[in-house]
Each structure stands twice: as C-alpha cells, then as structure tokens.
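*Asks:* This is target-v1.cif, which holds mmCIF, C-alpha atoms and all ligand atoms:
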```cif
data_target
#
loop_
_atom_site.label_atom_id
_atom_site.label_comp_id
_atom_site.auth_asym_id
_atom_site.auth_seq_id
_atom_site.Cartn_x
_atom_site.Cartn_y
_atom_site.Cartn_z
CA MET A 4 28.07 -75.54 6.00
CA ASP A 5 30.24 -75.75 9.12
CA ARG A 6 32.85 -78.47 9.59
CA TRP A 7 33.60 -79.64 13.12
CA ASP A 8 36.11 -82.06 14.66
CA LEU A 9 33.66 -83.33 17.27
CA LEU A 10 29.95 -82.88 17.87
CA LEU A 11 28.40 -83.79 21.23
CA THR A 12 24.64 -84.35 21.22
CA ASP A 13 21.95 -85.57 23.62
CA VAL A 14 23.65 -83.63 26.38
CA ARG A 15 22.53 -81.37 29.22
CA ILE A 16 24.83 -78.38 29.46
CA ALA A 17 25.63 -76.26 32.50
CA THR A 18 27.30 -73.48 30.49
CA MET A 19 27.91 -71.39 33.68
CA ARG A 20 27.30 -68.26 31.61
CA HIS A 21 26.41 -65.32 33.79
CA GLY A 22 22.84 -64.49 34.66
CA VAL A 23 20.74 -66.28 32.05
CA VAL A 24 19.14 -69.22 33.87
CA ALA A 25 20.44 -71.21 36.85
CA TYR A 26 23.80 -72.77 35.93
CA GLY A 27 23.31 -71.30 32.42
CA THR A 28 21.53 -74.56 31.66
CA VAL A 29 20.73 -75.76 28.15
CA GLU A 30 18.55 -78.89 28.18
CA ASP A 31 18.80 -81.22 25.18
CA GLY A 32 21.86 -79.40 23.95
CA ALA A 33 24.57 -79.83 21.38
CA LEU A 34 28.18 -78.65 21.44
CA ALA A 35 30.56 -78.54 18.48
CA ILE A 36 34.34 -78.38 18.75
CA THR A 37 36.91 -77.31 16.16
CA GLY A 38 40.65 -77.08 16.76
CA GLY A 39 40.27 -77.48 20.52
CA THR A 40 37.82 -74.59 20.76
CA ILE A 41 34.05 -74.52 21.17
CA ALA A 42 32.60 -73.65 17.75
CA TRP A 43 28.91 -73.76 18.69
CA VAL A 44 26.82 -74.49 21.79
CA GLY A 45 23.05 -74.35 22.32
CA PRO A 46 19.79 -76.30 22.05
CA ARG A 47 20.06 -79.15 19.56
CA SER A 48 16.96 -77.87 17.77
CA ARG A 49 18.93 -74.78 16.72
CA LEU A 50 22.16 -76.48 15.67
CA PRO A 51 23.23 -74.96 12.33
CA PRO A 52 23.87 -77.35 9.43
CA GLY A 53 27.35 -78.80 9.63
CA GLN A 54 29.51 -81.87 9.27
CA ALA A 55 31.45 -83.44 12.15
CA ALA A 56 34.44 -85.77 11.75
CA GLU A 57 33.15 -87.49 14.90
CA GLN A 58 29.73 -87.34 16.53
CA ARG A 59 28.98 -88.65 20.03
CA SER A 60 25.70 -88.99 21.87
CA LEU A 61 26.21 -88.46 25.60
CA ASP A 62 22.94 -90.23 26.51
CA GLY A 63 21.53 -87.26 28.38
CA ARG A 64 24.60 -86.75 30.59
CA TRP A 65 25.48 -83.38 32.11
CA ILE A 66 28.55 -81.47 31.03
CA THR A 67 30.13 -78.45 32.72
CA PRO A 68 33.24 -76.39 32.02
CA ALA A 69 36.25 -78.45 33.19
CA LEU A 70 37.10 -77.41 36.74
CA ILE A 71 39.84 -74.92 37.66
CA ASP A 72 41.85 -75.09 40.90
CA CYS A 73 43.05 -71.50 41.27
CA HIS A 74 45.08 -71.89 44.53
CA THR A 75 47.36 -74.85 45.32
CA HIS A 76 50.74 -75.59 46.83
CA LEU A 77 50.88 -78.90 44.95
CA VAL A 78 54.68 -79.16 44.70
CA PHE A 79 56.48 -79.91 47.99
CA GLY A 80 58.87 -82.40 49.57
CA GLY A 81 57.82 -84.95 52.18
CA ASP A 82 54.48 -84.69 53.95
CA ARG A 83 53.21 -83.77 57.42
CA GLY A 84 51.02 -86.80 58.19
CA ALA A 85 52.85 -87.42 61.46
CA GLU A 86 52.27 -83.81 62.48
CA PHE A 87 48.57 -84.19 61.68
CA GLU A 88 48.44 -87.22 63.95
CA ALA A 89 50.32 -85.40 66.71
CA ARG A 90 47.90 -82.47 66.56
CA LEU A 91 44.95 -84.80 66.94
CA GLY A 92 46.80 -86.22 69.94
CA GLY A 93 46.78 -82.77 71.57
CA ALA A 94 49.97 -81.03 70.36
CA SER A 95 49.36 -77.43 69.27
CA TYR A 96 50.50 -75.91 65.98
CA GLU A 97 52.94 -73.74 68.00
CA ASP A 98 54.40 -76.76 69.92
CA ILE A 99 55.07 -78.42 66.59
CA ALA A 100 56.62 -75.30 65.06
CA ASP A 101 58.81 -74.80 68.16
CA ALA A 102 60.04 -78.38 67.80
CA GLY A 103 61.18 -77.53 64.25
CA GLY A 104 58.05 -78.87 62.54
CA GLY A 105 55.35 -77.06 60.62
CA ILE A 106 56.09 -75.13 57.45
CA MET A 107 59.86 -75.22 58.14
CA SER A 108 59.90 -79.01 58.05
CA THR A 109 58.40 -78.85 54.54
CA VAL A 110 61.05 -76.28 53.57
CA ARG A 111 63.81 -78.66 54.71
CA ALA A 112 62.24 -81.61 52.86
CA THR A 113 61.73 -79.55 49.70
CA ARG A 114 65.31 -78.22 49.69
CA ALA A 115 66.58 -81.80 50.11
CA ALA A 116 64.41 -83.23 47.30
CA THR A 117 65.58 -83.60 43.69
CA GLU A 118 63.52 -82.23 40.83
CA ASP A 119 62.47 -85.78 39.93
CA GLU A 120 61.36 -86.54 43.48
CA LEU A 121 59.29 -83.37 43.63
CA TYR A 122 57.81 -84.15 40.22
CA GLY A 123 56.90 -87.74 41.13
CA ALA A 124 55.03 -86.73 44.27
CA ALA A 125 53.27 -83.79 42.63
CA VAL A 126 52.11 -85.70 39.55
CA ASP A 127 50.17 -88.11 41.79
CA ARG A 128 48.33 -85.21 43.38
CA LEU A 129 47.71 -83.61 39.98
CA ARG A 130 46.27 -86.90 38.72
CA ALA A 131 43.89 -86.95 41.69
CA LEU A 132 42.66 -83.44 40.79
CA ALA A 133 42.23 -84.35 37.11
CA ALA A 134 40.39 -87.56 38.05
CA GLU A 135 37.73 -85.31 39.57
CA GLY A 136 37.43 -82.89 36.70
CA ALA A 137 40.27 -80.33 36.94
CA ALA A 138 41.88 -79.22 33.66
CA THR A 139 43.57 -76.03 34.90
CA VAL A 140 45.61 -75.91 38.10
CA GLU A 141 47.56 -73.07 39.69
CA ILE A 142 50.72 -74.11 41.56
CA LYS A 143 52.71 -71.89 43.94
CA SER A 144 56.31 -72.05 45.03
CA GLY A 145 57.03 -71.05 48.64
CA TYR A 146 58.68 -74.07 50.27
CA GLY A 147 62.14 -73.25 48.96
CA LEU A 148 62.66 -69.78 50.41
CA ASP A 149 65.99 -69.55 48.59
CA THR A 150 66.57 -68.74 44.93
CA GLU A 151 67.61 -72.20 43.84
CA THR A 152 64.76 -74.12 45.46
CA GLU A 153 62.04 -71.59 44.60
CA LEU A 154 63.06 -71.88 40.94
CA ARG A 155 63.23 -75.69 41.19
CA MET A 156 59.65 -75.80 42.46
CA LEU A 157 58.50 -73.64 39.53
CA GLU A 158 60.47 -75.78 37.05
CA VAL A 159 58.60 -78.82 38.39
CA ALA A 160 55.30 -77.01 37.92
CA ARG A 161 56.20 -76.09 34.32
CA ARG A 162 57.18 -79.72 33.66
CA LEU A 163 53.81 -80.88 35.02
CA GLY A 164 52.19 -78.57 32.47
CA ARG A 165 54.23 -79.93 29.59
CA HIS A 166 53.62 -83.61 30.38
CA SER A 167 50.08 -83.72 31.76
CA GLY A 168 48.29 -81.86 28.98
CA LEU A 169 46.55 -79.80 31.69
CA THR A 170 47.10 -76.05 31.94
CA ILE A 171 49.39 -75.25 34.86
CA ARG A 172 49.65 -71.63 35.98
CA THR A 173 52.67 -70.91 38.16
CA THR A 174 52.84 -68.41 41.01
CA LEU A 175 56.03 -67.26 42.73
CA LEU A 176 55.38 -67.27 46.50
CA ALA A 177 58.91 -66.62 47.76
CA ALA A 178 57.36 -64.35 50.43
CA HIS A 179 55.58 -67.27 52.12
CA ALA A 180 57.62 -67.40 55.36
CA VAL A 181 60.86 -66.04 56.76
CA PRO A 182 63.49 -68.76 56.28
CA ALA A 183 65.51 -69.91 59.31
CA GLU A 184 68.70 -68.24 58.01
CA PHE A 185 66.89 -64.86 58.06
CA ARG A 186 65.18 -65.27 61.44
CA GLY A 187 64.48 -61.81 62.86
CA ARG A 188 65.57 -60.19 59.56
CA ALA A 189 62.45 -60.37 57.42
CA ASP A 190 63.32 -57.15 55.56
CA ASP A 191 66.69 -58.57 54.55
CA TYR A 192 64.93 -61.64 53.17
CA ILE A 193 62.55 -59.41 51.19
CA ASP A 194 65.65 -57.60 49.82
CA LEU A 195 66.87 -60.96 48.50
CA VAL A 196 63.46 -61.79 47.02
CA LEU A 197 63.36 -58.45 45.15
CA ALA A 198 66.98 -58.43 44.01
CA GLU A 199 67.44 -62.07 43.11
CA VAL A 200 64.49 -64.47 43.25
CA MET A 201 61.93 -62.42 41.34
CA PRO A 202 64.18 -61.31 38.45
CA ALA A 203 65.56 -64.87 38.08
CA ALA A 204 62.04 -66.32 37.88
CA VAL A 205 61.07 -63.73 35.25
CA GLU A 206 64.23 -64.23 33.23
CA ARG A 207 63.54 -67.97 32.97
CA ASN A 208 59.82 -67.39 32.35
CA LEU A 209 58.90 -69.48 35.37
CA ALA A 210 56.26 -67.27 37.01
CA ASP A 211 52.83 -66.28 35.71
CA ALA A 212 52.03 -64.31 38.88
CA VAL A 213 53.41 -63.29 42.29
CA ASP A 214 51.85 -64.05 45.68
CA ALA A 215 52.77 -63.30 49.32
CA PHE A 216 51.55 -64.31 52.79
CA CYS A 217 50.35 -61.17 54.59
CA GLU A 218 50.10 -62.23 58.22
CA GLY A 219 51.54 -61.60 61.70
CA ILE A 220 53.60 -64.80 61.44
CA ALA A 221 54.83 -63.95 57.93
CA PHE A 222 55.02 -60.50 56.24
CA ASP A 223 53.36 -57.17 57.00
CA VAL A 224 51.58 -54.80 54.63
CA ALA A 225 54.72 -52.71 54.00
CA GLN A 226 56.75 -55.79 53.07
CA VAL A 227 53.98 -57.11 50.84
CA ALA A 228 53.80 -53.71 49.12
CA ARG A 229 57.52 -53.90 48.31
CA VAL A 230 57.03 -57.33 46.71
CA PHE A 231 54.03 -56.09 44.74
CA GLU A 232 55.81 -52.96 43.50
CA ARG A 233 58.59 -55.14 42.15
CA ALA A 234 56.01 -57.44 40.52
CA VAL A 235 54.45 -54.43 38.79
CA ASP A 236 57.92 -53.38 37.57
CA LEU A 237 58.48 -56.86 36.20
CA GLY A 238 55.06 -56.94 34.53
CA LEU A 239 53.58 -59.73 36.66
CA PRO A 240 50.04 -59.78 38.12
CA VAL A 241 49.70 -60.27 41.89
CA LYS A 242 47.59 -62.33 44.31
CA LEU A 243 47.66 -62.40 48.11
CA HIS A 244 47.14 -64.74 51.10
CA ALA A 245 45.12 -62.18 53.02
CA ASP A 246 43.60 -62.06 56.51
CA GLN A 247 43.72 -65.83 57.07
CA LEU A 248 44.55 -65.86 60.79
CA SER A 249 43.98 -62.20 61.69
CA ASP A 250 42.90 -58.90 60.11
CA GLY A 251 46.24 -57.66 58.85
CA GLY A 252 44.96 -55.23 56.22
CA GLY A 253 45.52 -57.89 53.54
CA ALA A 254 42.39 -57.31 51.49
CA GLU A 255 43.12 -53.60 51.26
CA VAL A 256 46.70 -53.96 50.09
CA ALA A 257 45.54 -56.57 47.54
CA ALA A 258 42.93 -54.10 46.28
CA ARG A 259 45.44 -51.23 46.19
CA PHE A 260 47.54 -53.22 43.71
CA ARG A 261 44.47 -54.44 41.77
CA ALA A 262 45.35 -58.04 42.61
CA LEU A 263 43.76 -60.78 40.50
CA SER A 264 42.63 -62.36 43.76
CA ALA A 265 42.73 -62.08 47.54
CA ASP A 266 42.66 -65.50 49.13
CA HIS A 267 41.41 -66.89 52.51
CA LEU A 268 39.78 -63.67 53.92
CA GLU A 269 38.50 -65.30 57.15
CA TYR A 270 39.20 -62.09 59.12
CA THR A 271 38.56 -59.47 56.41
CA PRO A 272 36.46 -56.56 57.78
CA PRO A 273 33.65 -54.86 55.78
CA HIS A 274 35.88 -52.03 54.50
CA GLY A 275 38.28 -54.67 53.14
CA VAL A 276 35.42 -56.25 51.19
CA GLN A 277 34.46 -52.84 49.80
CA ALA A 278 38.03 -52.30 48.63
CA LEU A 279 37.99 -55.67 46.82
CA ALA A 280 34.70 -54.78 45.14
CA LYS A 281 36.07 -51.47 43.87
CA ALA A 282 39.25 -53.09 42.56
CA GLY A 283 37.44 -55.96 40.80
CA THR A 284 39.56 -58.44 42.77
CA VAL A 285 38.24 -62.02 43.09
CA ALA A 286 37.78 -63.47 46.60
CA VAL A 287 39.19 -67.01 46.75
CA LEU A 288 37.81 -69.00 49.69
CA LEU A 289 39.62 -72.10 50.95
CA PRO A 290 37.41 -74.36 53.07
CA GLY A 291 40.02 -77.14 53.40
CA ALA A 292 42.27 -74.84 55.45
CA CYS A 293 39.38 -73.70 57.67
CA LEU A 294 38.42 -77.29 58.35
CA THR A 295 41.96 -78.47 59.07
CA LEU A 296 42.81 -75.54 61.36
CA ASP A 297 39.42 -75.84 63.07
CA GLU A 298 38.95 -72.13 62.29
CA THR A 299 35.68 -70.79 63.64
CA CYS A 300 35.90 -67.33 62.05
CA ARG A 301 34.24 -67.58 58.65
CA PRO A 302 34.99 -65.49 55.55
CA PRO A 303 32.44 -62.66 55.11
CA VAL A 304 30.28 -64.37 52.48
CA GLY A 305 27.21 -62.15 53.03
CA GLU A 306 29.30 -59.01 52.67
CA LEU A 307 31.05 -60.35 49.54
CA ARG A 308 27.66 -61.10 47.98
CA ARG A 309 26.24 -57.69 48.91
CA HIS A 310 29.13 -55.90 47.23
CA GLY A 311 29.17 -58.19 44.19
CA VAL A 312 32.70 -59.50 44.76
CA PRO A 313 33.18 -62.60 42.57
CA ILE A 314 33.77 -65.64 44.81
CA ALA A 315 36.03 -68.50 43.74
CA ILE A 316 36.89 -71.57 45.81
CA ALA A 317 40.01 -73.74 45.67
CA THR A 318 41.70 -76.69 47.39
CA ASP A 319 44.75 -74.82 48.83
CA CYS A 320 46.31 -78.31 48.53
CA ASN A 321 49.34 -78.20 50.88
CA PRO A 322 50.95 -80.57 53.39
CA GLY A 323 50.15 -78.56 56.54
CA THR A 324 46.74 -76.94 56.48
CA SER A 325 44.77 -78.46 53.60
CA SER A 326 45.62 -81.98 52.42
CA LEU A 327 42.77 -81.76 49.91
CA CYS A 328 43.11 -83.00 46.31
CA SER A 329 39.54 -82.78 44.97
CA LEU A 330 37.50 -79.84 43.69
CA PRO A 331 34.08 -81.53 44.09
CA GLU A 332 35.08 -82.23 47.72
CA THR A 333 36.04 -78.54 48.03
CA MET A 334 32.55 -77.64 46.75
CA ALA A 335 30.98 -79.99 49.29
CA LEU A 336 32.98 -78.31 52.07
CA ALA A 337 32.32 -74.74 50.88
CA SER A 338 28.56 -75.33 50.84
CA ARG A 339 28.55 -76.79 54.33
CA LEU A 340 31.14 -74.57 56.06
CA PHE A 341 30.51 -71.26 54.28
CA GLY A 342 26.87 -71.61 53.20
CA LEU A 343 27.65 -71.12 49.50
CA THR A 344 24.88 -72.38 47.23
CA PRO A 345 25.77 -75.31 44.96
CA GLU A 346 25.58 -72.90 42.01
CA GLU A 347 28.00 -70.49 43.73
CA CYS A 348 30.30 -73.45 44.39
CA LEU A 349 30.31 -74.50 40.73
CA THR A 350 30.78 -70.91 39.59
CA GLY A 351 33.66 -70.75 42.10
CA VAL A 352 35.56 -73.58 40.41
CA THR A 353 34.77 -72.46 36.83
CA ARG A 354 33.99 -68.88 35.78
CA HIS A 355 35.29 -67.09 38.85
CA ALA A 356 38.33 -69.37 39.21
CA ALA A 357 39.30 -68.51 35.61
CA ARG A 358 39.07 -64.84 36.49
CA ALA A 359 41.21 -65.37 39.63
CA LEU A 360 43.95 -66.58 37.27
CA GLY A 361 43.40 -63.86 34.68
CA LEU A 362 42.31 -66.45 32.09
CA GLU A 363 39.60 -65.20 29.76
CA ASP A 364 39.54 -68.18 27.42
CA ARG A 365 37.84 -70.66 29.78
CA GLY A 366 35.48 -71.08 32.73
CA THR A 367 32.24 -71.13 30.72
CA LEU A 368 30.95 -73.19 27.79
CA GLU A 369 30.50 -70.59 25.05
CA ALA A 370 31.56 -70.33 21.42
CA GLY A 371 35.17 -69.17 21.24
CA LYS A 372 36.22 -70.62 24.61
CA ARG A 373 38.55 -73.58 25.04
CA ALA A 374 36.85 -76.96 24.79
CA ASP A 375 37.83 -77.92 28.36
CA ILE A 376 34.80 -79.98 29.34
CA ALA A 377 33.91 -82.27 32.26
CA ILE A 378 31.34 -85.00 31.54
CA TRP A 379 29.56 -86.18 34.70
CA ASP A 380 27.42 -89.05 35.93
CA ILE A 381 25.07 -86.83 37.92
CA ALA A 382 21.33 -86.16 37.96
CA HIS A 383 21.84 -82.38 38.43
CA PRO A 384 24.82 -80.00 38.81
CA ARG A 385 23.93 -79.51 42.48
CA ASP A 386 25.04 -83.13 43.03
CA LEU A 387 28.67 -82.00 42.77
CA SER A 388 28.23 -80.17 46.10
CA TYR A 389 25.67 -82.57 47.57
CA TRP A 390 27.66 -85.79 47.52
CA LEU A 391 30.81 -86.30 49.59
CA GLY A 392 33.65 -88.70 48.84
CA ARG A 393 32.24 -90.04 45.62
CA SER A 394 33.84 -89.52 42.24
CA GLN A 395 31.18 -88.62 39.69
CA LEU A 396 33.40 -87.76 36.70
CA ALA A 397 32.70 -89.80 33.57
CA GLU A 398 35.28 -88.16 31.33
CA LEU A 399 37.47 -85.08 30.99
CA LEU A 400 38.15 -83.33 27.69
CA VAL A 401 41.01 -80.85 27.49
CA ALA A 402 40.96 -78.73 24.33
CA GLY A 403 38.48 -81.26 22.97
CA ALA A 404 40.44 -84.46 23.65
CA ALA A 405 41.44 -86.80 26.49
CA PRO A 406 44.56 -85.37 28.20
CA PRO A 407 47.78 -87.44 28.52
CA VAL A 408 47.45 -87.46 32.33
CA ALA A 409 45.48 -90.50 33.48
CA THR A 410 42.10 -89.41 34.82
CA SER A 411 41.03 -92.79 36.12
CA ALA A 412 42.68 -94.99 38.71
N1 LIG A 501 48.49 -70.37 54.44
C1 LIG A 501 48.33 -71.66 54.70
O1 LIG A 501 47.35 -72.14 55.22
C2 LIG A 501 49.48 -72.39 54.18
N2 LIG A 501 50.28 -71.35 53.67
C3 LIG A 501 49.67 -70.20 53.84
O2 LIG A 501 50.14 -69.16 53.46
C4 LIG A 501 50.19 -73.17 55.24
C5 LIG A 501 51.29 -73.92 54.61
C6 LIG A 501 51.88 -74.96 55.50
O3 LIG A 501 51.57 -75.07 56.71
O4 LIG A 501 52.70 -75.72 54.97
FE FE A 502 47.64 -71.17 50.34
#
```
What would the structure in this file look like if it were written as structure tokens?

*Replies:*
Amino acid sequence: MDRWDLLLTDVRIATMRHGVVAYGTVEDGALAITGGTIAWVGPRSRLPPGQAAEQRSLDGRWITPALIDCHTHLVFGGDRGAEFEARLGGASYEDIADAGGGIMSTVRATRAATEDELYGAAVDRLRALAAEGAATVEIKSGYGLDTETELRMLEVARRLGRHSGLTIRTTLLAAHAVPAEFRGRADDYIDLVLAEVMPAAVERNLADAVDAFCEGIAFDVAQVARVFERAVDLGLPVKLHADQLSDGGGAEVAARFRALSADHLEYTPPHGVQALAKAGTVAVLLPGACLTLDETCRPPVGELRRHGVPIAIATDCNPGTSSLCSLPETMALASRLFGLTPEECLTGVTRHAARALGLEDRGTLEAGKRADIAIWDIAHPRDLSYWLGRSQLAELLVAGAAPPVATSA
C-alpha cells in the first residue's frame, strides 16, 4: 500500500500533458504527493490503495501546473512611469532616449541602488506574479552593464529564490545595451563581457543561462555569436532577444547555437522559423511589449504552428516596454493580440515555458514531476485567458506546500 503526504480529491485536473485530450483533462481526478513530488495522478476511480497523512477535497475545483514566467527583467532600480506618461503625451521613444531617458535611465538607477533596495522593489513584483499562480520565474540582469552591478542584480535574484520558496532561474544579460562609457565601442564592451563579466558570474554560480539583445540598437549577429561561443565554453545554455524591432537574423543565430529559446520574434521571417524548428528552440512571445510599444508587426504564429515550434509566452516584466506582473493577464493579451488559443496560452505558461528554461521536472501534472500546483476558482481552464484583470487563483502549492512568499494581498 502506498503512503502519501497529501492526497487531493474531488478535483478537475488540467494536466497539460501533450496530445491526449484538450488540456490533458482528467475529470473527477485525484492527485497524490510525496516528498514534494507527484506520486500519482489520474481518475479517482483508479486511485491505487494508499494512505495519506492529509487528505483534502477540492470541491470540484480545477488545478493546473503552477505557472512559469520564462522571461522577466524583474530586478531593476527606479521605474519609468513618468516616461510612460510623457510618451502618451506625444514624446517619442527616441526623444526620451536622446534626453537621457529610456533604458539608460534604468541603468543609472540600478547602479545607484543598494542590494536591499533592489531586493525590496523586486520582491513586491515577485509577490504579484505568485499571487496569480507563478511558482517558477526567470530573472535577467542587464541594467548594470558593468561587472559589479550585473553581479549585484543576479545576487538579488538568487536571494529572491532563497527567501520566496519559488524557483528563480537567473540569466546573465550583460549584452543588453551598450553602456554610455562604451558609446561607439560596442566591440570593446563585448570584450569586457567575455573577459570579466561572464567568468565572474560563473565563478560565483550566479547565472543559469546567458542572453543577449540582437538588434540594430544593441548588438549584431557577430557580437551575439561571440557571447554565445563564450557561454558554450563556460557550459551555460543560451537564449536570445531576437527580431523584436527588425529582422536582424536573430532567430537564425539562436538556432545555430541551439538556444533554449528565441524571444520576441515579431520580425522573424519564415526561414528563421524553420531554423528554430530544426534546432528544437522554443519561441517565447511577449505580448506586453507589443502592446506597450504599439507594435503592429505580429510574431509569425501561423508559421510557428506549421513547423511545430513550441510556443511559450511570458510577461517580459520590465520598466520600459512591459510593466506587466501577471501571467493570466499575459494569456489574456496573447489570445487577443496574437490569436493564440486559450489552450496554447496555458501550454505557453506551463509545459513550453518549462522547456524554454531547460527544466524537465515541471510544467505538467504527471507522476514524478514537482508538485507545483495552482488551484483556481474557474469554471474551465479557458477562463484564464477569457477574463481580464481578475485574480482567479485560490491557492498555490510549491513542492506540495504553501510557499513562504505571500500569495494573497
Ligand atoms: N527588449 C525590450 O523590450 C526590453 N529589453 C529588450 O531587450 C526593453 C528594456 C527597457 O526599455 O528597459
Ligand atoms: Fe526582455
């Protein structure tokens, strides 16, 4: 007879397993947890004999895998609310950047902030994500653009992981922009990133992956390739901000290095999609940035589907182009702006988001996976995309228990 720590019964389960029935649904299900891991899941009628230390009826509620935000810039100093207001008043993104605003204003604020200040601001945003079902969150550096501040951002992300009980995956994005001190000398800045920032992050075990911004206003394909070659040397997987504002060959360079994910992709041409498909790279779509930038060029969803590229979606939470701290809201936006089905949206913040982070132990509700579970007050999983601005989370379990981070206001 099996012994379990916790047995959930009278529950409807969107397992999000691939290809069985829509949402991998099990009606009238049961789910048993032992040691933070799912021990058994299926129809209650087939539950094997066992004894549970605790048994809970969920009164017919729906559960899904806890959500995964696979692309955020959650740690940063200051905010850009005033810039947002100025843009609505008619100022262009370029006017603001020329006046010393934009991404460089966040770099100045982040360099000036202490580790505690960065932590305090980021933990509020993390709490907002958890309050709407997120148990795994990726966090990038990229507002330091010098060794000391890039490492400080990653230290803050690691500390968020230790104290929140959520899983935080860190990504070194030192190649996010050319810092003011290196203006006109992007290659010299990349030299510094390769020689100093990347090895220091690895030595202190601060980076789980490496990212870069491949774009006319940031770094070109050759510079990205240098960063990726160094990442391969250091044993780190790569991801890429690709083709967000123009077709810069981003998807192809991501595919060439077998990146875990290529993110944004608004301007990716068909041959870029084919390259992603061949490489098994996940496409991460970011509707919050499209909405904020009023971008009319849409990512090539039809082409991605045709070639079987797994599609994830994420908040891209950042102070300039996506002040979005909710995954259900991201689903609502992705369905409306990109035409993703509600099932694609949920897959995009569970199974495919796990893959975009290289995590094989989560993203579906199956025996052997982590017991990261979101319990919802919804009539159907499609409601997560259907409703806007309405928190529907009843409870979040991380490895089978309530996490230390507060998930209610
Ligand atoms: N793409 C974006 O949309 C953000 N970074 C990036 O690579 C912009 C970040 C910012 O404006 O602060
Ligand atoms: Fe981003």

*Asks:* May I have the residues within 8 Å of segment 253-260 of chain A as a PyMOL selection string, using only C-alpha atoms and disregarding those fewer than 4 positions away in the same chain?

*Replies:* chain A and resi 217-218+224+227-228+231+241-246+264-265+268+271+275-276+278-279+281-284

*Asks:* Within 8 Å of Asn321 of chain A, counting only C-alpha atoms, which residues show up once you throw out same-chain ones fewer than 5 positions away? Write them as a list in words, please.

*Replies:*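 The contact residues come out as Thr75, His76, Leu77, Phe79, Ser326 and Leu327 of chain A.
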
*Asks:* Which is closest to Asp119 of chain A among A:Asp8, A:Glu88, A:Glu158, A:Asp191, if we use all atoms listed in the file?

*Replies:*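 The answer is A:Glu158, which sits nearest to Asp119 of chain A.
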
*Asks:* Please check which protein, DNA or RNA residues sit within 10 Å of ligand LIG 501 (chain A), counting all atoms listed in the file, and write them as JSON, numbers by chain.

*Replies:* {"A": [75, 76, 79, 82, 83, 96, 100, 104, 105, 106, 107, 108, 109, 110, 145, 146, 176, 178, 179, 180, 214, 215, 216, 217, 218, 220, 221, 243, 244, 245, 246, 247, 248, 266, 267, 289, 291, 292, 293, 295, 296, 319, 320, 321, 322, 323, 324, 325, 326]}

*Asks:* One decimal, in Å: what's the spacing between atom CA of Ala198 of chain A and atom CA of Glu118 of chain A?

*Replies:*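 Atom CA of Glu118 of chain A lies 24.3 Å from atom CA of Ala198 of chain A.
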
*Asks:* Pick from A:Ser144, A:Pro406, A:Pro202, A:Tyr270: nearest to ligand FE 502 (chain A), with all atoms listed in the file counted?

*Replies:*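 With all atoms listed in the file as the atom set, the closest residue is A:Ser144.
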